[in-house]
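One structure below.
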Amino acid sequence: MLQIVQYKNGPFLLSTDPAFVQIDRVCEFLARSYWANTRDRATIIKSLEHSLCFSLFYEQTQIGLARVITDGATFAYLCDVFIDEEFRGQGLGKWLVECVLQHPDITSVRRILLATKDAHGLYQQFGFQPPMQPERLMEKINPQA
């Protein structure tokens with residue numbers, strides 16, 4: 001069972017409580033993303049239910065998310081990281097990634113992977129780098145999914 005934690009930063013709250021996720025807001029964000037704009041609502045809900053979600057709020061409104069797929073012991077995959085366009089440029093993306101990496105179920109994980117098209121600079125600040133042995137990585141794409 002993954003631990004529920006909360007972090008506070010001025011008027012912003014970050015929580016891993018699954019009950020806090022605002023599904024409609026997350027679906028809106030992902031529909032505007034380059035990586036998930038074709039995901040249907042049912043798929044998004046299922047992905048959230050099976051992940052450790054970091055929901056970022058301003059007052060009562062969800063303005064960001066980071067989703068981590070993990071066993072909490074050996075491996076984690078960081079994905080679906082976003083900050084609402086209205087709140088970008090305030091350091092919230094950095095804070096969100098910091099909180100993810102400080103979570104008790106992530107700190108002991110040996111390998112954390114992610115994929116990004118344009119945010120390499122953000123993640124490099126936290127020690128992310130290209131795979132040391134990319135020849136060991138493989139993927140399988142299911143075009144029907």
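Chain lettering (A, B, ...) mirrors the order of the structure tokens, residue numbering begins at 1 for each chain separately, and ligand numbering begins at 1 in order of display.
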So that I can check the surroundings of Tyr7 of chain A, please list as a PDB file with N, CA and C atoms, in the first residue's frame every protein, DNA and RNA residue that reaches within 10 Å of it, counting only C-alpha atoms and ignoring chain neighbours fewer than 4 positions away.
```
ATOM      1  N   PHE A  12      -0.502  26.719  -2.293  1.00  0.00           N
ATOM      2  CA  PHE A  12      -0.590  25.487  -3.077  1.00  0.00           C
ATOM      3  C   PHE A  12      -0.508  24.260  -2.176  1.00  0.00           C
ATOM      4  N   LEU A  13      -1.313  23.267  -2.501  1.00  0.00           N
ATOM      5  CA  LEU A  13      -1.325  21.994  -1.785  1.00  0.00           C
ATOM      6  C   LEU A  13      -1.067  20.883  -2.789  1.00  0.00           C
ATOM      7  N   LEU A  14      -0.216  19.953  -2.412  1.00  0.00           N
ATOM      8  CA  LEU A  14       0.039  18.770  -3.225  1.00  0.00           C
ATOM      9  C   LEU A  14      -0.327  17.565  -2.381  1.00  0.00           C
ATOM     10  N   SER A  15      -1.152  16.686  -2.919  1.00  0.00           N
ATOM     11  CA  SER A  15      -1.611  15.527  -2.165  1.00  0.00           C
ATOM     12  C   SER A  15      -1.545  14.275  -3.026  1.00  0.00           C
ATOM     13  N   THR A  16      -1.232  13.159  -2.377  1.00  0.00           N
ATOM     14  CA  THR A  16      -1.276  11.865  -3.058  1.00  0.00           C
ATOM     15  C   THR A  16      -2.532  11.084  -2.686  1.00  0.00           C
ATOM     16  N   PHE A  54       0.097  12.505  -7.815  1.00  0.00           N
ATOM     17  CA  PHE A  54       0.432  13.719  -7.085  1.00  0.00           C
ATOM     18  C   PHE A  54      -0.432  14.827  -7.665  1.00  0.00           C
ATOM     19  N   LEU A  56      -1.903  18.559  -7.637  1.00  0.00           N
ATOM     20  CA  LEU A  56      -1.526  19.898  -7.209  1.00  0.00           C
ATOM     21  C   LEU A  56      -2.753  20.803  -7.272  1.00  0.00           C
ATOM     22  N   TRP A  95       8.703  22.164  -8.132  1.00  0.00           N
ATOM     23  CA  TRP A  95       8.231  21.737  -6.810  1.00  0.00           C
ATOM     24  C   TRP A  95       7.516  20.397  -6.905  1.00  0.00           C
ATOM     25  N   LEU A  96       6.724  20.224  -7.952  1.00  0.00           N
ATOM     26  CA  LEU A  96       6.004  18.972  -8.154  1.00  0.00           C
ATOM     27  C   LEU A  96       6.985  17.807  -8.293  1.00  0.00           C
ATOM     28  N   CYS A  99       8.661  17.017  -4.948  1.00  0.00           N
ATOM     29  CA  CYS A  99       7.767  16.272  -4.061  1.00  0.00           C
ATOM     30  C   CYS A  99       7.682  14.809  -4.471  1.00  0.00           C
ATOM     31  N   HIS A 103       8.889  11.524  -2.011  1.00  0.00           N
ATOM     32  CA  HIS A 103       7.856  10.642  -1.474  1.00  0.00           C
ATOM     33  C   HIS A 103       8.502   9.377  -0.906  1.00  0.00           C
TER      34      HIS A 103
END
```
### Query
Can you list, as a PyMOL selection string, every protein, DNA or RNA residue that comes within 12 Å of Gln125 of chain A when you count only C-alpha atoms, leaving out same-chain residues fewer than 2 positions away?
chain A and resi 93-95+97-98+119-123+127-129
### Query
So what do you get for atom CA of Leu114 of chain A versus atom CA of Arg136 of chain A, distance-wise?
15.6 Å
Within segment 51-130 of chain A, find each residue whose DSSP state, derived from the backbone, is alpha helix (DSSP H), and express the selection as an mmCIF file with all heavy atoms, in the first residue's frame.
```cif
data_model
loop_
_atom_site.group_PDB
_atom_site.id
_atom_site.type_symbol
_atom_site.label_atom_id
_atom_site.label_comp_id
_atom_site.auth_asym_id
_atom_site.auth_seq_id
_atom_site.Cartn_x
_atom_site.Cartn_y
_atom_site.Cartn_z
ATOM 1 N N LEU A 92 6.293 25.805 -10.060
ATOM 2 C CA LEU A 92 5.448 24.717 -9.566
ATOM 3 C C LEU A 92 5.827 23.369 -10.176
ATOM 4 O O LEU A 92 5.702 22.335 -9.516
ATOM 5 C CB LEU A 92 3.972 25.027 -9.826
ATOM 6 C CG LEU A 92 3.426 26.225 -9.041
ATOM 7 C CD1 LEU A 92 2.027 26.584 -9.512
ATOM 8 C CD2 LEU A 92 3.448 25.941 -7.546
ATOM 9 N N GLY A 93 6.295 23.355 -11.412
ATOM 10 C CA GLY A 93 6.748 22.103 -12.018
ATOM 11 C C GLY A 93 7.945 21.539 -11.272
ATOM 12 O O GLY A 93 8.006 20.335 -10.996
ATOM 13 N N LYS A 94 8.880 22.413 -10.922
ATOM 14 C CA LYS A 94 10.038 21.970 -10.136
ATOM 15 C C LYS A 94 9.600 21.446 -8.776
ATOM 16 O O LYS A 94 10.071 20.405 -8.321
ATOM 17 C CB LYS A 94 11.030 23.131 -9.950
ATOM 18 C CG LYS A 94 11.883 23.400 -11.153
ATOM 19 C CD LYS A 94 12.774 24.592 -10.954
ATOM 20 C CE LYS A 94 13.908 24.269 -10.014
ATOM 21 N NZ LYS A 94 14.935 25.336 -9.977
ATOM 22 N N TRP A 95 8.703 22.164 -8.132
ATOM 23 C CA TRP A 95 8.231 21.737 -6.810
ATOM 24 C C TRP A 95 7.516 20.397 -6.905
ATOM 25 O O TRP A 95 7.705 19.518 -6.064
ATOM 26 C CB TRP A 95 7.330 22.810 -6.207
ATOM 27 C CG TRP A 95 6.856 22.475 -4.828
ATOM 28 C CD1 TRP A 95 7.632 22.197 -3.730
ATOM 29 C CD2 TRP A 95 5.501 22.358 -4.387
ATOM 30 N NE1 TRP A 95 6.831 21.924 -2.642
ATOM 31 C CE2 TRP A 95 5.516 22.021 -3.016
ATOM 32 C CE3 TRP A 95 4.271 22.525 -5.024
ATOM 33 C CZ2 TRP A 95 4.358 21.840 -2.277
ATOM 34 C CZ3 TRP A 95 3.120 22.350 -4.278
ATOM 35 C CH2 TRP A 95 3.172 22.011 -2.923
ATOM 36 N N LEU A 96 6.724 20.224 -7.952
ATOM 37 C CA LEU A 96 6.004 18.972 -8.154
ATOM 38 C C LEU A 96 6.985 17.807 -8.293
ATOM 39 O O LEU A 96 6.844 16.778 -7.623
ATOM 40 C CB LEU A 96 5.114 19.089 -9.393
ATOM 41 C CG LEU A 96 4.297 17.886 -9.833
ATOM 42 C CD1 LEU A 96 3.374 17.389 -8.732
ATOM 43 C CD2 LEU A 96 3.483 18.248 -11.076
ATOM 44 N N VAL A 97 8.011 17.964 -9.114
ATOM 45 C CA VAL A 97 9.001 16.894 -9.288
ATOM 46 C C VAL A 97 9.768 16.663 -7.988
ATOM 47 O O VAL A 97 10.029 15.511 -7.608
ATOM 48 C CB VAL A 97 9.954 17.203 -10.464
ATOM 49 C CG1 VAL A 97 11.060 16.163 -10.560
ATOM 50 C CG2 VAL A 97 9.175 17.273 -11.776
ATOM 51 N N GLU A 98 10.123 17.721 -7.265
ATOM 52 C CA GLU A 98 10.795 17.571 -5.955
ATOM 53 C C GLU A 98 9.949 16.720 -5.015
ATOM 54 O O GLU A 98 10.466 15.822 -4.347
ATOM 55 C CB GLU A 98 11.022 18.939 -5.302
ATOM 56 C CG GLU A 98 12.145 19.743 -5.872
ATOM 57 C CD GLU A 98 12.214 21.148 -5.266
ATOM 58 O OE1 GLU A 98 11.489 21.442 -4.278
ATOM 59 O OE2 GLU A 98 12.987 21.962 -5.794
ATOM 60 N N CYS A 99 8.661 17.017 -4.948
ATOM 61 C CA CYS A 99 7.767 16.272 -4.061
ATOM 62 C C CYS A 99 7.682 14.809 -4.471
ATOM 63 O O CYS A 99 7.685 13.916 -3.615
ATOM 64 C CB CYS A 99 6.387 16.911 -4.026
ATOM 65 S SG CYS A 99 6.343 18.528 -3.209
ATOM 66 N N VAL A 100 7.592 14.554 -5.764
ATOM 67 C CA VAL A 100 7.568 13.170 -6.247
ATOM 68 C C VAL A 100 8.813 12.446 -5.753
ATOM 69 O O VAL A 100 8.734 11.337 -5.201
ATOM 70 C CB VAL A 100 7.478 13.115 -7.789
ATOM 71 C CG1 VAL A 100 7.754 11.706 -8.304
ATOM 72 C CG2 VAL A 100 6.117 13.609 -8.276
ATOM 73 N N LEU A 101 9.967 13.047 -5.940
ATOM 74 C CA LEU A 101 11.226 12.387 -5.601
ATOM 75 C C LEU A 101 11.445 12.268 -4.093
ATOM 76 O O LEU A 101 12.250 11.447 -3.652
ATOM 77 C CB LEU A 101 12.398 13.114 -6.266
ATOM 78 C CG LEU A 101 12.360 13.093 -7.799
ATOM 79 C CD1 LEU A 101 13.509 13.924 -8.364
ATOM 80 C CD2 LEU A 101 12.381 11.671 -8.342
ATOM 81 N N GLN A 102 10.724 13.048 -3.293
ATOM 82 C CA GLN A 102 10.822 12.977 -1.827
ATOM 83 C C GLN A 102 9.824 11.995 -1.223
ATOM 84 O O GLN A 102 9.914 11.682 -0.028
ATOM 85 C CB GLN A 102 10.545 14.355 -1.204
ATOM 86 C CG GLN A 102 11.589 15.380 -1.463
ATOM 87 C CD GLN A 102 11.158 16.761 -0.975
ATOM 88 O OE1 GLN A 102 10.161 16.909 -0.261
ATOM 89 N NE2 GLN A 102 11.882 17.780 -1.368
ATOM 90 N N HIS A 120 13.513 18.270 -21.032
ATOM 91 C CA HIS A 120 14.763 17.671 -20.562
ATOM 92 C C HIS A 120 15.448 18.545 -19.506
ATOM 93 O O HIS A 120 15.978 18.035 -18.518
ATOM 94 C CB HIS A 120 15.700 17.430 -21.742
ATOM 95 C CG HIS A 120 15.162 16.430 -22.710
ATOM 96 N ND1 HIS A 120 14.218 16.757 -23.668
ATOM 97 C CD2 HIS A 120 15.415 15.117 -22.867
ATOM 98 C CE1 HIS A 120 13.917 15.688 -24.373
ATOM 99 N NE2 HIS A 120 14.621 14.668 -23.915
ATOM 100 N N GLY A 121 15.436 19.855 -19.719
ATOM 101 C CA GLY A 121 16.088 20.768 -18.778
ATOM 102 C C GLY A 121 15.508 20.681 -17.381
ATOM 103 O O GLY A 121 16.241 20.728 -16.390
ATOM 104 N N LEU A 122 14.207 20.559 -17.282
ATOM 105 C CA LEU A 122 13.562 20.422 -15.972
ATOM 106 C C LEU A 122 14.062 19.170 -15.269
ATOM 107 O O LEU A 122 14.508 19.214 -14.125
ATOM 108 C CB LEU A 122 12.037 20.367 -16.127
ATOM 109 C CG LEU A 122 11.248 19.944 -14.873
ATOM 110 C CD1 LEU A 122 11.384 20.961 -13.757
ATOM 111 C CD2 LEU A 122 9.784 19.704 -15.218
ATOM 112 N N TYR A 123 14.008 18.048 -15.959
ATOM 113 C CA TYR A 123 14.330 16.771 -15.319
ATOM 114 C C TYR A 123 15.826 16.602 -15.064
ATOM 115 O O TYR A 123 16.212 15.956 -14.093
ATOM 116 C CB TYR A 123 13.755 15.621 -16.142
ATOM 117 C CG TYR A 123 12.249 15.677 -16.209
ATOM 118 C CD1 TYR A 123 11.593 15.964 -17.398
ATOM 119 C CD2 TYR A 123 11.477 15.496 -15.063
ATOM 120 C CE1 TYR A 123 10.209 16.039 -17.453
ATOM 121 C CE2 TYR A 123 10.095 15.568 -15.108
ATOM 122 C CZ TYR A 123 9.471 15.848 -16.300
ATOM 123 O OH TYR A 123 8.109 15.925 -16.332
ATOM 124 N N GLN A 124 16.667 17.204 -15.895
ATOM 125 C CA GLN A 124 18.114 17.116 -15.668
ATOM 126 C C GLN A 124 18.507 17.749 -14.335
ATOM 127 O O GLN A 124 19.451 17.296 -13.688
ATOM 128 C CB GLN A 124 18.874 17.774 -16.818
ATOM 129 C CG GLN A 124 18.851 16.932 -18.077
ATOM 130 C CD GLN A 124 19.381 17.667 -19.298
ATOM 131 O OE1 GLN A 124 19.421 18.892 -19.344
ATOM 132 N NE2 GLN A 124 19.763 16.904 -20.315
#
```
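Every protein or nucleic acid residue with an atom no more than 12 Å from Glu49 of chain A, counting only C-alpha atoms and leaving out same-chain residues fewer than 2 positions away, appears here: A:Thr16, A:Asp17, A:Pro18, A:Ala19, A:Phe20, A:Val21, A:Ile23, A:Ala42, A:Thr43, A:Ile44, A:Ile45, A:Lys46, A:Ser47, A:Ser51, A:Leu52, A:Cys53, A:Arg67, A:Val68, A:Ile69.
For the choices A:Glu135, A:Asp24, A:Asp71, A:Asp84, the atom-to-atom distance to Tyr58 of chain A is smallest for A:Asp84 when using only C-alpha atoms.
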